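A.B. asks: To start, I am sharing the structure in question, which I have written as structure tokens.
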Amino acid sequence: MFLIDCPFCGSRDQREFSCGGEAHIARPPRPASLSDDEWADYLFMRKNPKGVQYERWMHAHGCRRWFNVARNTATDRILAVYRMGEPAPALDGQAPPTPCGEPAVGSGNLALGQGTPAAAKPRVATRPGAPAKPKSAPKPRTSAKPRATARPKSKRPAKAEETTS
Amino acid sequence: MASSRYSFFALARNALTGHRDWQRVWRSPDPQPSYDAVIVGGGGHGLATAYYLAKEHGLTNVAVLEKGWLGGGNTGRNTTIVRSNYLFDDSAHLYEHALKLWEGLSRELNYNVMFSQRGVLNLCHDIHEARDLQRRCHANRLNGIDSEWLDRDGVLGFCPVINGDPGIRYPVYGGTLQRRGGTARHDAVAWGYARGADARGVDIIQNCEVTGMIVEKGRIKGVETTRGTIRTGKVGVVAAGHSSVIAAMAGVRLPLESHPLQALVSEPVKPAIDCVVMSNAVHAYISQSDKGELVIGAGADPYVSYSQRGGFSVIEETLASIVELFPIFSRMRMLRQWGGIVDIAPDASAIIGKTPVEGLFVNCGWGTGGFKATPGSGHVFAHTIATGEPHALNAGFTLERFASGRLVAEHGAAAVAH
């Protein structure tokens with residue numbers, strides 16, 4: 001539940017809008033030459049990110065016009081609203097954190113309060129002119145090097161929710 | 001290691017010592033540097049997978065990695081309905097397989113999962129919907145699944161608290177009944193499978209989040225976690241709403257979108273409704289827990305979100321539907337509400353099988369209705385991981401179906417709107 005800033009009508013409740021899903025999926029220029037796998041990718045595969053998603057919305061109970069929204073799916077915070085046909089704004093900085101201020105990945109066992117309010121503020125710089133970098137799926141990790149996360153390796157004992165009943 | 005067996009005598013013996021000597025139900029081991037197989041996700045499906053890997057396939061050098069606590073995701077965030085009355089053969093066989101396992105589960109696990117076959121009633125409100133339900137009813141019976149058609153009087157006779165007033169906006173026309181359907185205790189399912197898997201040597205590692213996948217030459221070699229690197233040749237991803245996030249770590253794209261699905265419970269009251277009632281058109285479902293709370297659910301929120309909370313508008317619509325169907329509940333107060341993140345596939349069916357990365361298997365896409373499949377899902381996924389090939393029952397639920405076009409289109413056919 002959140003408010004959406006319709007570029008034509010202003011700020012309204014989300015229930016007035018219908019969501020059109022991931023934006024910037026271009027129809028293949030030569031559909032006839034596509035393989036089955038390429039068709040499947042175009043029709044069905046989605047990025048479904050936990051973090052910034054570029055998506056389409058339509059003001060169904062208002063102006064009935066389509067526009068694009070950049071929203072953090074971990075927090076439902078809207079980061080940018082831009083019109084159809086405009087390139088996706090490049091959102092700089094780290095992926096905005098989850099509601100408690102945790103990073104989107106690797107936060108499962110952060111100690112309580114480790115996500116500071118400062119970290120919770122999404123560092124976003126909207127550069128409307130900048131062309132959107134095509135967001136490719138993350139490359140498979142090919143080394144065993146540990147991921148560089150800011151948090152120390154947890155040494156605290158696993159406090160499991162064990163039950164004795 | 002093995003937990004002591006639960007029985008009346010064990011209860012009596014422990015009662016004598018004031019219940020202070022019960023053993024821990026599962027261990028809390030530190031992760032080993034390597035395993036034969038790693039299951040990502042310690043919900044019902046993941047734990048069931050580990051249990052059947054150990055029991056049916058003798059694969060006990062297995063770890064279940066859970067970023068939070070066992071059953072803290074959708075296993076603890078659903079409306080606990082169990083049924084198998086799906087339209088298409090693939091789904092019907094898979095869910096019926098699960099239902100048969102449910103029927104013997106408490107005895108098999110020596111853990112009371114409180115499976116209660118109280119009957120699941122699917123309502124319809126006009127003649128067109130009635131034809132759909134009757135078609136599904138016939139399809140179920142051809143597949144050996146119990147299903148019966150009830151006319152309006154039959155529905156009101158079976159569940160008298162339903163509003164039979166012909167003057168309401170969507171008067172009840174009839175319904176189908178699956179008497180073998182019902183509910184189960186969701187937490188107990190996770191705990192029971194965890195106990196069974198642990199007793200067979202599976203390491204259940206909580207507070208251990210996967211942060212990366214190690215892929216070399218198109219083959220899975222291990223996982224990076226918040227508790228160190230774990231080498232393994234087989235990884236089963238059973239991460240529900242976070243399946244896309246985990247798969248992306250290995251460069252695999254999935255046809256999933258993650259949505260919040262909300263449910264809520266009321267204050268506990270005396271027994272009022274002794275079955276499960278679902279309605280597609282009015283769109284709500286309800287049952288009463290053994291504690292007396294009404295357990296209510298409905299549709300998913302219409303946008304992608306990982307926030308584990310949904311919009312109030314969905315709750316409002318759900319409760320409006322419930323009050324229309326059950327005016328008796330109009331003054332009930334709601335106690336708790338929660339949102340789980342469900343991974344919905346384009347055809348509203350699960351994806352259980354291999355991925356382009358060798359050794360990496362996914363069990364996802366259960367969308368809004370995965371709880372009922374927990375035992376069957378774990379059973380066939382364990383077979384898939386152990387043998388490298390799908391079980392006959394999940395052969396139709398591959399990731400490749402999105403390229404081949406052989407979809408299992410259960411949207412709307414699955415007896416509940418999504």
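Residues in the structure tokens are named by chain (A, B, ... in the order shown) and by number from 1 within that chain; ligands are numbered from 1 in the order shown.
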Determine which residues of chain B sit within 8 Å of chain A, taking into account only C-alpha atoms, and present them as a PyMOL selection string.

C.D. replies: chain B and resi 22-26+28+67-70+205-216+224-229+244-245+248-258+302-307+310-313+346+402-404

A.B. asks: Among stretch 218-363 of chain B, which residues carry a DSSP assignment of alpha helix (DSSP H), reported as an MDAnalysis selection string?

C.D. replies: chainID B and resid 243:249 312:325

A.B. asks: Residues at most 9 Å from B:Val172, counting only C-alpha atoms, excluding those fewer than 2 positions away in the same chain, as a ChimeraX atom specification?

C.D. replies: /B:123-126,152,155-156,162-166,168,170,174-175,325

A.B. asks: Measure the distance from atom CA of B:Ala199 to atom CA of B:Tyr51 in Å and round it to one decimal.

C.D. replies: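 These two atoms are separated by 9.3 Å.
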
A.B. asks: Just the residues within 8 Å of stretch 235-243 of chain B, please, counting only C-alpha atoms, with nothing from its chain fewer than 2 positions along; format it as a PyMOL selection string.

C.D. replies: chain B and resi 37-43+45-46+74+220+222+232-233+245-247+258-259+306+341-343+359-367+385

A.B. asks: Skipping near chain neighbours, those fewer than 4 positions away, what residues fall within 8 Å of stretch 47-49 of chain B using only C-alpha atoms, listed as a list of chain:residue names?

C.D. replies: B:Ile39, B:Gly41, B:Gly42, B:Gly43, B:Leu53, B:Val64, B:Ala190, B:Tyr193, B:Ala194, B:Ala197, B:Thr374, B:Pro375, B:Ser377, B:Gly378, B:His379, B:Phe381, B:Ala382

A.B. asks: Show which residues sit within 6 Å of B:Ala284, as a count of residues only. Count only C-alpha atoms, and ignore same-chain residues fewer than 5 positions away.

C.D. replies: 5

A.B. asks: For atom CA of B:Pro33 and atom CA of B:Gly71, determine how far apart the two atoms are, in Å to one decimal place.

C.D. replies: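 Separating atom CA of B:Pro33 from atom CA of B:Gly71 is a distance of 24.7 Å.
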